[in-house]
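S.K.: Below is data_16.csv; it holds CSV, C-alpha atoms.
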```
chain,number,residue,atom,x,y,z
A,1,MET,CA,177.0,170.7,-36.1
A,2,PHE,CA,175.9,167.3,-34.7
A,3,LYS,CA,175.4,165.9,-38.2
A,4,SER,CA,178.9,166.9,-39.3
A,5,ARG,CA,180.5,165.4,-36.2
A,6,LEU,CA,178.5,162.2,-36.7
A,7,LYS,CA,179.8,162.0,-40.2
A,8,LEU,CA,183.4,162.4,-38.9
A,9,LEU,CA,182.7,159.6,-36.4
A,10,ALA,CA,181.6,157.4,-39.2
A,11,LYS,CA,184.6,158.3,-41.4
A,12,GLY,CA,187.0,157.7,-38.4
A,13,PHE,CA,185.4,154.3,-38.0
A,14,CYS,CA,186.2,153.5,-41.6
A,15,ILE,CA,189.8,154.7,-41.2
A,16,GLY,CA,190.2,152.6,-38.0
A,17,SER,CA,188.8,149.6,-39.8
A,18,ALA,CA,191.4,150.0,-42.6
A,19,ASP,CA,194.2,150.2,-40.1
A,20,VAL,CA,193.3,146.7,-38.7
A,21,VAL,CA,193.8,145.2,-42.2
A,22,PRO,CA,197.5,144.5,-43.2
A,23,GLY,CA,198.3,146.1,-46.5
A,24,VAL,CA,195.6,148.8,-46.2
A,25,SER,CA,196.6,152.2,-44.7
A,26,GLY,CA,194.3,154.6,-42.9
A,27,GLY,CA,195.6,157.2,-45.3
A,28,THR,CA,194.0,155.2,-48.2
A,29,MET,CA,190.6,155.3,-46.5
A,30,ALA,CA,190.9,159.0,-45.6
A,31,PHE,CA,191.7,159.6,-49.3
A,32,ILE,CA,188.7,157.5,-50.4
A,33,LEU,CA,186.4,159.5,-48.0
A,34,GLY,CA,187.6,162.8,-49.3
A,35,ILE,CA,189.1,164.1,-46.0
A,36,TYR,CA,192.8,163.5,-46.8
A,37,PRO,CA,194.0,167.1,-47.2
A,38,GLN,CA,192.0,168.1,-44.1
A,39,LEU,CA,193.6,165.3,-42.1
A,40,ILE,CA,197.1,166.4,-43.1
A,41,ASN,CA,196.4,170.0,-42.2
A,42,ALA,CA,194.9,168.9,-38.9
A,43,ILE,CA,198.0,167.0,-38.0
A,44,LYS,CA,200.1,169.9,-39.2
A,45,SER,CA,198.3,172.2,-36.7
A,46,PHE,CA,200.4,170.7,-33.9
A,47,ASP,CA,203.3,173.1,-34.7
A,48,SER,CA,206.0,175.1,-33.0
A,49,GLU,CA,203.5,177.9,-32.3
A,50,TRP,CA,201.3,175.5,-30.4
A,51,LEU,CA,204.4,174.3,-28.4
A,52,ARG,CA,205.1,178.0,-27.5
A,53,MET,CA,201.5,178.3,-26.3
A,54,ILE,CA,202.0,175.3,-24.1
A,55,VAL,CA,205.2,176.8,-22.6
A,56,SER,CA,203.5,180.2,-22.0
A,57,PHE,CA,200.4,178.5,-20.6
A,58,ASN,CA,198.2,180.1,-23.2
A,59,LEU,CA,195.2,177.8,-22.5
A,60,ARG,CA,192.9,179.4,-25.2
A,61,GLY,CA,195.6,179.0,-27.8
A,62,ILE,CA,196.4,175.4,-26.7
A,63,ILE,CA,192.7,174.5,-27.2
A,64,ASN,CA,191.9,176.5,-30.3
A,65,ARG,CA,195.0,176.2,-32.5
A,66,PRO,CA,194.9,172.5,-33.2
A,67,HIS,CA,191.9,171.2,-35.3
A,68,PHE,CA,190.3,169.4,-32.3
A,69,GLU,CA,186.8,169.7,-33.7
A,70,PHE,CA,187.9,167.6,-36.6
A,71,LEU,CA,190.4,165.3,-34.9
A,72,ILE,CA,188.4,164.4,-31.8
A,73,PRO,CA,185.3,162.8,-33.5
A,74,LEU,CA,187.6,161.3,-36.2
A,75,GLY,CA,189.8,159.8,-33.5
A,76,ILE,CA,186.9,158.5,-31.4
A,77,GLY,CA,185.5,156.8,-34.5
A,78,ALA,CA,188.9,155.2,-35.3
A,79,VAL,CA,189.5,153.9,-31.8
A,80,THR,CA,185.9,152.6,-31.7
A,81,ALA,CA,186.6,150.7,-35.0
A,82,LEU,CA,189.9,149.3,-33.6
A,83,LEU,CA,188.1,148.0,-30.4
A,84,PHE,CA,185.1,146.7,-32.4
A,85,PHE,CA,187.2,144.8,-34.9
A,86,THR,CA,189.5,143.3,-32.3
A,87,ARG,CA,187.1,142.7,-29.4
A,88,VAL,CA,183.6,142.2,-30.9
A,89,VAL,CA,184.3,141.1,-34.5
A,90,PRO,CA,187.8,139.6,-34.6
A,91,LEU,CA,188.8,141.0,-38.0
A,92,PRO,CA,192.5,140.0,-37.5
A,93,THR,CA,191.4,136.4,-37.0
A,94,LEU,CA,189.0,136.6,-40.0
A,95,ILE,CA,191.8,138.0,-42.2
A,96,ARG,CA,193.7,134.7,-41.5
A,97,THR,CA,190.7,132.4,-41.8
A,98,GLN,CA,188.7,134.2,-44.5
A,99,PRO,CA,191.3,136.5,-46.3
A,100,GLU,CA,189.6,136.3,-49.7
A,101,ILE,CA,186.4,137.8,-48.3
A,102,ILE,CA,188.0,140.6,-46.2
A,103,TYR,CA,190.5,141.6,-48.8
A,104,GLY,CA,187.8,141.4,-51.4
A,105,LEU,CA,185.9,144.2,-49.7
A,106,PHE,CA,189.0,146.4,-49.4
A,107,PHE,CA,190.0,145.6,-53.0
A,108,GLY,CA,186.6,146.9,-54.1
A,109,LEU,CA,187.0,150.0,-52.0
A,110,VAL,CA,190.4,150.9,-53.4
A,111,LEU,CA,189.5,150.0,-57.0
A,112,GLY,CA,186.3,152.1,-56.7
A,113,SER,CA,188.3,155.1,-55.5
A,114,ILE,CA,190.7,154.8,-58.4
A,115,VAL,CA,187.8,154.7,-60.9
A,116,LEU,CA,186.2,157.7,-59.4
A,117,LEU,CA,189.5,159.6,-59.3
A,118,PHE,CA,190.0,158.9,-63.0
A,119,ARG,CA,186.5,160.2,-63.6
A,120,HIS,CA,187.1,163.4,-61.6
A,121,LEU,CA,190.4,164.0,-63.3
A,122,GLY,CA,189.1,163.8,-66.8
A,123,LEU,CA,190.9,162.5,-69.9
A,124,HIS,CA,192.5,165.9,-70.7
A,125,LEU,CA,194.2,166.3,-67.3
A,126,LEU,CA,195.1,162.6,-67.1
A,127,LEU,CA,196.9,162.7,-70.4
A,128,LYS,CA,198.5,166.1,-69.6
A,129,ARG,CA,200.1,164.9,-66.3
A,130,VAL,CA,200.2,161.1,-66.8
A,131,LEU,CA,203.9,161.1,-65.9
A,132,PHE,CA,203.0,161.6,-62.2
A,133,LEU,CA,200.5,158.7,-62.3
A,134,ILE,CA,203.2,156.5,-63.8
A,135,LEU,CA,205.8,157.6,-61.1
A,136,GLY,CA,203.2,156.8,-58.4
A,137,ILE,CA,202.6,153.3,-59.9
A,138,LEU,CA,206.4,152.7,-60.2
A,139,PHE,CA,207.2,153.9,-56.7
A,140,GLY,CA,204.3,152.0,-55.1
A,141,GLY,CA,205.2,148.9,-57.1
A,142,PHE,CA,208.8,149.1,-55.8
A,143,VAL,CA,207.7,149.4,-52.2
A,144,VAL,CA,205.1,146.6,-52.2
A,145,THR,CA,207.4,144.1,-54.0
A,146,MET,CA,210.4,144.8,-51.8
A,147,VAL,CA,212.1,141.7,-50.5
A,148,PRO,CA,212.7,141.6,-46.7
A,149,ALA,CA,216.3,142.1,-45.8
A,150,SER,CA,218.4,141.7,-42.7
A,151,THR,CA,218.5,145.0,-40.9
A,152,PRO,CA,220.3,146.3,-37.7
A,153,ASP,CA,218.7,146.5,-34.2
A,154,ASP,CA,220.5,149.7,-33.3
A,155,ALA,CA,218.5,152.6,-31.9
A,156,TRP,CA,219.1,154.9,-34.9
A,157,PHE,CA,217.5,152.3,-37.2
A,158,ILE,CA,214.5,151.7,-34.9
A,159,PHE,CA,214.1,155.5,-34.9
A,160,LEU,CA,214.2,155.4,-38.7
A,161,CYS,CA,211.7,152.6,-38.8
A,162,GLY,CA,209.2,154.6,-36.8
A,163,ALA,CA,209.6,157.7,-39.0
A,164,VAL,CA,209.3,155.7,-42.2
A,165,ALA,CA,206.4,153.6,-41.0
A,166,ILE,CA,204.2,156.5,-39.8
A,167,SER,CA,205.0,158.4,-43.1
A,168,ALA,CA,203.9,155.4,-45.1
A,169,MET,CA,200.7,155.1,-42.9
A,170,ILE,CA,199.9,158.7,-43.7
A,171,LEU,CA,200.5,158.2,-47.4
A,172,PRO,CA,197.6,156.5,-49.2
A,173,GLY,CA,198.3,153.1,-50.8
A,174,ILE,CA,201.1,152.0,-48.4
A,175,SER,CA,200.6,150.3,-45.1
A,176,GLY,CA,202.9,151.2,-42.2
A,177,SER,CA,202.9,147.7,-40.8
A,178,PHE,CA,203.8,146.4,-44.3
A,179,ILE,CA,206.8,148.7,-44.3
A,180,LEU,CA,207.9,147.3,-40.9
A,181,LEU,CA,207.6,143.8,-42.4
A,182,MET,CA,209.8,144.9,-45.3
A,183,LEU,CA,212.4,146.3,-42.9
A,184,LYS,CA,212.3,143.0,-40.9
A,185,LYS,CA,211.3,144.9,-37.7
A,186,TYR,CA,207.6,144.1,-37.4
A,187,ALA,CA,208.1,141.1,-35.0
A,188,TYR,CA,211.0,142.9,-33.3
A,189,ILE,CA,209.1,146.0,-32.4
A,190,PHE,CA,205.8,144.1,-31.7
A,191,ASN,CA,207.7,142.0,-29.2
A,192,ALA,CA,209.3,145.1,-27.6
A,193,ILE,CA,205.8,146.6,-27.1
A,194,GLY,CA,204.5,143.4,-25.6
A,195,HIS,CA,207.3,143.2,-23.2
A,196,PHE,CA,207.5,147.0,-22.4
A,197,ASP,CA,211.1,147.2,-23.7
A,198,PHE,CA,211.5,150.9,-23.7
A,199,SER,CA,215.0,150.8,-25.1
A,200,ILE,CA,213.3,149.9,-28.4
A,201,ILE,CA,209.9,151.5,-27.8
A,202,LEU,CA,211.3,155.0,-27.0
A,203,PRO,CA,213.4,155.5,-30.3
A,204,PHE,CA,210.4,154.0,-32.2
A,205,ILE,CA,208.0,156.6,-30.7
A,206,LEU,CA,210.5,159.4,-31.3
A,207,GLY,CA,210.7,158.3,-34.9
A,208,ILE,CA,206.9,158.3,-35.2
A,209,ILE,CA,206.7,161.8,-33.8
A,210,THR,CA,209.5,163.1,-36.1
A,211,GLY,CA,207.9,161.4,-39.1
A,212,ILE,CA,204.5,163.0,-38.4
A,213,ILE,CA,206.0,166.5,-37.9
A,214,ILE,CA,208.1,166.4,-41.0
A,215,PHE,CA,206.0,164.3,-43.4
A,216,SER,CA,202.7,166.0,-42.7
A,217,ARG,CA,204.2,169.4,-43.5
A,218,LEU,CA,205.9,168.1,-46.6
A,219,LEU,CA,202.5,166.6,-47.8
A,220,SER,CA,200.7,169.8,-46.9
A,221,TYR,CA,203.2,171.8,-48.9
A,222,VAL,CA,203.0,169.6,-52.1
A,223,LEU,CA,199.2,169.4,-51.9
A,224,LYS,CA,199.1,173.2,-51.7
A,225,ARG,CA,201.6,173.9,-54.5
A,226,PHE,CA,201.2,170.8,-56.7
A,227,TYR,CA,197.7,169.6,-56.0
A,228,GLN,CA,196.9,167.9,-59.3
A,229,GLN,CA,200.3,166.3,-59.6
A,230,THR,CA,200.1,165.0,-56.0
A,231,ILE,CA,196.6,163.5,-56.5
A,232,LEU,CA,197.9,161.7,-59.6
A,233,PHE,CA,200.9,160.4,-57.8
A,234,ILE,CA,198.7,159.2,-54.9
A,235,THR,CA,196.3,157.6,-57.4
A,236,GLY,CA,199.4,155.7,-58.8
A,237,LEU,CA,200.2,154.5,-55.3
A,238,LEU,CA,196.6,153.3,-54.9
A,239,PHE,CA,196.8,151.5,-58.2
A,240,ALA,CA,200.1,149.7,-57.1
A,241,SER,CA,198.5,148.8,-53.7
A,242,LEU,CA,196.0,146.6,-55.5
A,243,TYR,CA,198.9,144.1,-55.9
A,244,VAL,CA,198.9,143.6,-52.1
A,245,ILE,CA,195.1,143.8,-51.5
A,246,TRP,CA,194.2,141.4,-54.3
A,247,PRO,CA,192.2,138.8,-52.3
A,248,PHE,CA,193.6,135.7,-53.9
A,249,GLN,CA,197.2,135.4,-52.6
A,250,THR,CA,199.7,132.8,-51.5
A,251,ARG,CA,200.3,134.1,-48.0
A,252,LEU,CA,203.2,133.3,-45.6
A,253,TYR,CA,202.7,133.8,-41.8
A,254,GLU,CA,205.2,134.1,-39.0
A,255,LEU,CA,204.5,133.2,-35.4
A,256,VAL,CA,205.0,136.3,-33.2
A,257,ARG,CA,204.2,135.9,-29.5
A,258,ASN,CA,202.1,132.8,-30.2
A,259,LYS,CA,200.1,134.8,-32.9
A,260,GLU,CA,200.4,134.4,-36.6
A,261,ARG,CA,201.5,137.6,-38.5
A,262,LEU,CA,201.5,138.1,-42.2
A,263,VAL,CA,205.1,138.1,-43.5
A,264,SER,CA,204.7,137.9,-47.3
A,265,SER,CA,202.0,137.7,-49.9
A,266,VAL,CA,202.1,136.8,-53.6
A,267,PRO,CA,199.0,137.3,-55.9
A,268,CYS,CA,197.7,134.3,-57.7
A,269,ILE,CA,194.7,133.2,-59.7
A,270,PRO,CA,192.0,131.0,-58.1
A,271,GLU,CA,192.2,127.4,-59.3
A,272,GLY,CA,188.5,127.0,-59.5
A,273,PHE,CA,185.2,128.9,-59.0
A,274,SER,CA,184.3,128.0,-55.4
A,275,ASN,CA,181.8,129.6,-53.0
A,276,GLN,CA,184.7,131.4,-51.4
A,277,VAL,CA,185.7,133.0,-54.7
A,278,PHE,CA,182.0,133.9,-55.4
A,279,ILE,CA,181.7,135.6,-52.0
A,280,SER,CA,185.0,137.4,-52.5
A,281,ILE,CA,183.8,138.8,-55.9
A,282,VAL,CA,180.5,139.9,-54.3
A,283,MET,CA,182.5,141.7,-51.6
A,284,MET,CA,184.5,143.5,-54.3
A,285,ILE,CA,181.3,144.7,-55.9
A,286,ILE,CA,180.0,145.8,-52.5
A,287,GLY,CA,183.2,147.8,-51.8
A,288,LEU,CA,183.0,149.4,-55.3
A,289,ALA,CA,179.3,150.3,-54.7
A,290,LEU,CA,180.1,151.8,-51.3
A,291,VAL,CA,182.7,154.1,-52.7
A,292,ILE,CA,180.3,155.3,-55.5
A,293,ILE,CA,177.6,155.9,-52.9
A,294,LEU,CA,180.0,157.8,-50.6
A,295,ASP,CA,181.2,159.9,-53.6
A,296,ARG,CA,177.7,160.8,-54.6
A,297,TYR,CA,176.5,161.8,-51.1
A,298,SER,CA,179.7,163.1,-49.5
A,299,GLU,CA,180.1,166.9,-49.3
A,300,ASP,CA,183.9,166.3,-49.1
A,301,ALA,CA,184.4,164.4,-52.3
A,302,VAL,CA,187.7,165.1,-53.9
A,303,SER,CA,187.7,167.9,-56.4
A,304,ILE,CA,190.6,167.8,-58.9
A,305,GLY,CA,189.7,170.6,-61.3
A,306,ASN,CA,190.9,171.3,-64.8
```
Written as structure tokens, that's how I'd like the structure from this file.
M.R.:
Amino acid sequence: MFKSRLKLLAKGFCIGSADVVPGVSGGTMAFILGIYPQLINAIKSFDSEWLRMIVSFNLRGIINRPHFEFLIPLGIGAVTALLFFTRVVPLPTLIRTQPEIIYGLFFGLVLGSIVLLFRHLGLHLLLKRVLFLILGILFGGFVVTMVPASTPDDAWFIFLCGAVAISAMILPGISGSFILLMLKKYAYIFNAIGHFDFSIILPFILGIITGIIIFSRLLSYVLKRFYQQTILFITGLLFASLYVIWPFQTRLYELVRNKERLVSSVPCIPEGFSNQVFISIVMMIIGLALVIILDRYSEDAVSIGN
């Protein structure tokens, strides 16, 4: 029991680490670690039946129905990572000052997960359902190459932003913060949170709650009914996300509350072979190796089947 909770703490730490990096979603890391379906079902456990238990003061049901044994250690690990990589090791700062190195690691992690998924799928299943892989690549490519547009500041749109952003964060391969950037609401919402503007924060939070309730159930349904097709589609999303995570990019930053925030990023090829490029490649290899090691020793490795 202690060992399984310790493993969940470690996996939660990995998920929290991913959430700190723009362009990488916690859903991606959960998928790499083999706990993605379990995470979706755990979120789904906060349902209408649980709300009825709260209203009727059914304490045993309130405690036992949600998957707290899974979510609590995972959540503690994620929060620990967020604090560690913002207070102890300033990862947001390192992303701006050493982006090639940080993104190199995450590029290796995502690339490794794609390679292993292809291996688990097998050539027969891959060819049989390749359409879903292509659809995932096309959809992911469309999202990550969207051009920011002017959008309204109305409460209904802020609500929509919250729902879409949290849905994207749950879905592997797409970052919720990246979606907010595309919707031109990253700075707007970040400023509102910093200044406690509840006229903006409230509809955004309501959107997040709605997105979690609806999207987690939708994902749970499609994973249960169309598991192989969904895994292939998600693999396509991961493949498309490599465009954003590629460590060598021309990046544009915007000043938000006296802090630089990533606004756009376009992949490029390094002009020469410098120490920075060498270290980035080493980090890619480390990320790739870590995924292979996790796959070999994890009891939760994704099983696709034939």
S.K.: Select, from A:Ile205, A:Val143, A:Leu94, A:Ala192, the residue with the minimum atom-to-atom distance to Leu160 in chain A, counting all atoms listed in the file.
M.R.: A:Ile205
S.K.: Considering all atoms listed in the file, state which residue in the set A:Asn58, A:Asn41, A:Ser265, A:Asn191 is at the smallest distance from Ser220 in chain A.
M.R.: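 The answer is A:Asn41, which sits nearest to Ser220 in chain A.
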S.K.: Rounded to one decimal, what separation in Å do you get between CA of Ile40 in chain A and CA of Thr230 in chain A?
M.R.: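 CA of Thr230 in chain A lies 13.3 Å from CA of Ile40 in chain A.
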S.K.: For a quick check of understanding, using all atoms listed in the file, which of A:Glu49, A:Ile269, A:Leu9, A:Arg251 has the smallest distance to Thr97 in chain A?
M.R.: A:Arg251
S.K.: Work out how far apart CA of Gly236 in chain A and CA of Val282 in chain A are and give it in Å to one decimal.
M.R.: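 Between CA of Gly236 in chain A and CA of Val282 in chain A the gap works out to 25.0 Å.
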S.K.: Determine, counting all atoms listed in the file, which protein, DNA and RNA residues have an atom within 10 Å of an atom of Val266 in chain A; residues of the same chain fewer than 3 positions away are not included. Present the result as a ChimeraX atom specification.
M.R.: /A:145,243-244,246,248-252
S.K.: List the neighbours of range 98-108 of chain A out to 9 Å using all atoms listed in the file; skip same-chain residues closer than 5 positions along the sequence, and give me the result as a ChimeraX atom specification.
M.R.: /A:18,21,24,91,93,113,242,245-249,276-277,279-291
S.K.: In Å, how far is it from CA of Ser241 in chain A to CA of Gly207 in chain A?
M.R.: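 Straight-line distance from CA of Ser241 in chain A to CA of Gly207 in chain A works out to 24.3 Å.
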S.K.: What lies within 7 Å of Pro73 in chain A using all atoms listed in the file, ignoring chain neighbours under 2 positions off, as a list in words?
M.R.: Arg5, Leu8, Leu9, Phe70, Leu71, Gly75, Ile76 and Gly77 of chain A
S.K.: Show me as a list of chain:residue names the residues that reach within 7 Å of (207.5, 152.4, -41.2), counting all atoms listed in the file and using the file's own coordinates.
M.R.: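 Result, sorted by chain then residue number: A:Cys161, A:Gly162, A:Ala163, A:Val164, A:Ala165, A:Ile166, A:Ser167, A:Ala168, A:Gly176, A:Ser177, A:Ile179, A:Leu180.
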S.K.: Hey, which of A:Thr235, A:Asn64, A:Ser216, A:Ser199 ends up closest to Pro37 in chain A? Count all atoms listed in the file.
M.R.: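 Of all the options, A:Ser216 lies closest to Pro37 in chain A.
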S.K.: Which of these residues is nearest to Ser45 in chain A, using all atoms listed in the file: A:Ile62, A:Ile234, A:Leu33, A:Val89?
M.R.: A:Ile62
S.K.: Using only C-alpha atoms, find all polymer residues with an atom at most 9 Å away from the point (181.5, 155.5, -38.7); report them as a list of chain:residue names.
M.R.: A:Leu6, A:Lys7, A:Leu8, A:Leu9, A:Ala10, A:Lys11, A:Gly12, A:Phe13, A:Cys14, A:Ile15, A:Leu74, A:Gly77, A:Ala78, A:Thr80, A:Ala81
S.K.: Nearest to Val144 in chain A: which of A:Phe31, A:Phe132, A:Tyr36, A:Phe239 is it, counting only C-alpha atoms?
M.R.: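 For Val144 in chain A, the nearest of the candidates is A:Phe239.
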S.K.: Contacts of Val130 in chain A at 12 Å or less, counting all atoms listed in the file, minus same-chain residues fewer than 6 places along, as a PDB file with C-alpha atoms, in the frame of the given file?
M.R.:
```pdb
ATOM      1  CA  PHE A 118     190.000 158.900 -63.000  1.00  0.00           C
ATOM      2  CA  LEU A 121     190.400 164.000 -63.300  1.00  0.00           C
ATOM      3  CA  GLY A 122     189.100 163.800 -66.800  1.00  0.00           C
ATOM      4  CA  LEU A 123     190.900 162.500 -69.900  1.00  0.00           C
ATOM      5  CA  HIS A 124     192.500 165.900 -70.700  1.00  0.00           C
ATOM      6  CA  GLY A 136     203.200 156.800 -58.400  1.00  0.00           C
ATOM      7  CA  ILE A 137     202.600 153.300 -59.900  1.00  0.00           C
ATOM      8  CA  GLN A 228     196.900 167.900 -59.300  1.00  0.00           C
ATOM      9  CA  GLN A 229     200.300 166.300 -59.600  1.00  0.00           C
ATOM     10  CA  THR A 230     200.100 165.000 -56.000  1.00  0.00           C
ATOM     11  CA  ILE A 231     196.600 163.500 -56.500  1.00  0.00           C
ATOM     12  CA  LEU A 232     197.900 161.700 -59.600  1.00  0.00           C
ATOM     13  CA  PHE A 233     200.900 160.400 -57.800  1.00  0.00           C
ATOM     14  CA  THR A 235     196.300 157.600 -57.400  1.00  0.00           C
ATOM     15  CA  GLY A 236     199.400 155.700 -58.800  1.00  0.00           C
TER      16      GLY A 236
END
```
